[in-house]
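Here the structure is laid out as structure tokens; the discussion comes afterwards.
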Amino acid sequence: TRDWERAGLALSAEYTQNPGFGHGNESISEDPTVQRLPQLDAFWHQGRVLDAVPLEFAAQGQAGYFYRRNGTRGARYEINPRVTLPVTSRFGGIVANAGLRQSVYDTENPSHSISGSSSTAPPRESSENRTLFEYDVAGTTDFARVYALASPALPVTTESVGQSRNVAVRHSIQPRLEYFYRPQEDQDSNPYYDSDDRLLPRTEMVYSLTNVIT
């Protein structure tokens with residue numbers, strides 16, 4: 001890994017051994033476990049685009065090769081830029097996010113037998129891609145009141161050092177409303193390496209009321 005002020009990189013390799021294959025169990029050649037050999041992740045940390053405008057930008061990208069002994073294998077390249085617009089006032093705050101996920105696959109399907117023949121055809125290669133746009137908006141505000149208690153404040157003396165006493169209680173009510181949207185996209189023709197290859201559509205409204213007593 002390597003980090004800078006606004007950017008970061010992580011290079012990794014991951015191998016997972018499935019105990020159900022080999023060592024007297026199923027043949028290793030039938031193992032469908034996905035291995036990440038290797039994977040590169042890049043990050044551009046969230047920050048303002050211009051000092052005078054409350055618009056923030058962040059992005060992350062990934063390039064990896066997914067290998068398995070039995071099944072589809074190949075590379076996946078992804079980039080996910082995202083812009084955020086936070087707006088605050090004395091009445092509350094609204095945060096709007098919009099992002100784009102672009103995925104490109106360089107797929108190598110395993111070799112397959114030719115119909116009516118004992119010979120095997122070479123691996124087939126194909127390219128697929130996916131473009132997904134998503135956004136969410138969240139708004140919140142805060143109502144608060146301070147209730148004084150009968151206990152007087154501690155006097156500032158040497159005897160009161162290290163002591164504490166509650167002199168007031170603050171009650172805060174925080175209503176929040178959030179909406180998230182991701183459209184439906186046909187991804188069945190793309191290879192499946194992990195759950196990121198099948199992102200489900202999402203239309204969701206979340207509302208909450210939080211009470212905080214301090």
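In the structure tokens, the first chain shown is A, the next is B, and so on; residue numbers restart at 1 for each chain, and ligands run from 1 in the order shown.
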Practice problem: Just the residues within 9 Å of A:Tyr193, please, counting only C-alpha atoms, with nothing from its chain fewer than 5 positions along; format it as a ChimeraX atom specification. | Solution: /A:34,66,72-73
Quiz prompt | In stretch 27-177 of chain A, DSSP helix (DSSP H, G or I) residues written as number ranges by chain | solution = A: 28-30, 158-160
Deliver the residues from the most recent selection as a file, using all heavy atoms, as a JSON list (two decimals), in the first residue's frame.
```
[["chain", "number", "residue", "atom", "x", "y", "z"],
["A", 28, "ILE", "N", -9.10, -31.48, -7.99],
["A", 28, "ILE", "CA", -8.73, -30.07, -7.98],
["A", 28, "ILE", "C", -9.12, -29.39, -9.29],
["A", 28, "ILE", "O", -9.45, -28.20, -9.31],
["A", 28, "ILE", "CB", -7.21, -29.93, -7.71],
["A", 28, "ILE", "CG1", -6.88, -30.38, -6.28],
["A", 28, "ILE", "CG2", -6.75, -28.49, -7.91],
["A", 28, "ILE", "CD1", -5.42, -30.26, -5.92],
["A", 29, "SER", "N", -9.12, -30.14, -10.37],
["A", 29, "SER", "CA", -9.47, -29.56, -11.67],
["A", 29, "SER", "C", -10.92, -29.10, -11.72],
["A", 29, "SER", "O", -11.30, -28.33, -12.60],
["A", 29, "SER", "CB", -9.21, -30.57, -12.79],
["A", 29, "SER", "OG", -10.02, -31.73, -12.61],
["A", 30, "GLU", "N", -11.75, -29.54, -10.78],
["A", 30, "GLU", "CA", -13.16, -29.14, -10.75],
["A", 30, "GLU", "C", -13.41, -27.99, -9.77],
["A", 30, "GLU", "O", -14.56, -27.61, -9.55],
["A", 30, "GLU", "CB", -14.03, -30.34, -10.35],
["A", 30, "GLU", "CG", -13.94, -31.53, -11.30],
["A", 30, "GLU", "CD", -14.39, -31.16, -12.70],
["A", 30, "GLU", "OE1", -15.36, -30.39, -12.82],
["A", 30, "GLU", "OE2", -13.77, -31.64, -13.67],
["A", 158, "THR", "N", -9.44, 23.75, 45.04],
["A", 158, "THR", "CA", -8.54, 22.59, 44.98],
["A", 158, "THR", "C", -9.25, 21.32, 45.42],
["A", 158, "THR", "O", -8.90, 20.22, 44.98],
["A", 158, "THR", "CB", -7.31, 22.84, 45.88],
["A", 158, "THR", "OG1", -7.75, 23.14, 47.22],
["A", 158, "THR", "CG2", -6.48, 24.00, 45.34],
["A", 159, "GLU", "N", -10.26, 21.44, 46.30],
["A", 159, "GLU", "CA", -10.98, 20.25, 46.76],
["A", 159, "GLU", "C", -11.87, 19.65, 45.67],
["A", 159, "GLU", "O", -12.20, 18.47, 45.69],
["A", 159, "GLU", "CB", -11.84, 20.59, 47.99],
["A", 159, "GLU", "CG", -11.06, 20.86, 49.26],
["A", 159, "GLU", "CD", -10.45, 22.25, 49.27],
["A", 159, "GLU", "OE1", -10.82, 23.06, 48.40],
["A", 159, "GLU", "OE2", -9.59, 22.52, 50.15],
["A", 160, "SER", "N", -12.27, 20.46, 44.67],
["A", 160, "SER", "CA", -13.17, 19.96, 43.62],
["A", 160, "SER", "C", -12.43, 19.39, 42.41],
["A", 160, "SER", "O", -13.07, 18.99, 41.43],
["A", 160, "SER", "CB", -14.10, 21.09, 43.17],
["A", 160, "SER", "OG", -13.35, 22.14, 42.57]]
```
Exercise. Quick one: everything within 6 Å of A:Ala168, counting only C-alpha atoms, minus sequence neighbours fewer than 6 positions away in the same chain. Send it as a ChimeraX atom specification.
Key: /A:147-149
Please provide as an mmCIF file with C-alpha atoms, in the first residue's frame all residues within 8 Å of A:Gly74, with the sequence filter that same-chain residues fewer than 4 positions apart are discarded (counting only C-alpha atoms).
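Listing of result29.cif after writing:
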```
data_model
loop_
_atom_site.group_PDB
_atom_site.id
_atom_site.type_symbol
_atom_site.label_atom_id
_atom_site.label_comp_id
_atom_site.auth_asym_id
_atom_site.auth_seq_id
_atom_site.Cartn_x
_atom_site.Cartn_y
_atom_site.Cartn_z
ATOM 1 C CA TYR A 65 -7.433 -10.808 -12.677
ATOM 2 C CA PHE A 66 -9.790 -13.510 -11.414
ATOM 3 C CA TYR A 67 -8.548 -17.046 -11.858
ATOM 4 C CA TYR A 105 -14.572 -7.247 -18.504
ATOM 5 C CA ASP A 106 -11.885 -9.050 -20.451
ATOM 6 C CA THR A 107 -13.239 -12.569 -20.113
ATOM 7 C CA GLU A 108 -11.559 -15.851 -20.914
ATOM 8 C CA ASN A 109 -14.002 -18.737 -20.973
#
```
Exercise. Check the smallest atom-to-atom distance from each of A:Gly22, A:Gln102, A:Leu37, A:Arg165 to A:Ala59 using only C-alpha atoms, then report the winner.
Key: A:Gln102
Exercise. Find the residues near stretch 129-143 of chain A: any atom within 7 Å, counting only C-alpha atoms, skip ones fewer than 4 places away on the same chain, and give them as a list in words.
Key: Phe91, Gly92, Gly93, Ile94, Val95, Ala96, Asn97, Ala98, Gly99, Leu100, Arg101, Gln102, Ser103, Val104, Tyr105, Ser172, Ile173, Gln174, Pro175, Arg176, Leu177, Glu178, Tyr179, Phe180, Tyr181 and Arg182 of chain A
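Distance-wise, atom CA of A:Arg68 and atom CA of A:Asn190 end up 16.0 Å apart.
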Quiz prompt | Polymer residues at most 12 Å from stretch 6-16 of chain A, only C-alpha atoms, same-chain spacing of 3 or more positions, as a ChimeraX atom specification | solution = /A:1-3,19-21,31-49,57-68
Quiz item: DSSP says strand (DSSP E or B) for which residues of chain A? Put them as an MDAnalysis selection string?
Solution: chainID A and resid 2:3 7:14 21 26 35:50 53:67 73:89 92:109 112:113 120:121 124:140 143:148 168:182 202:213
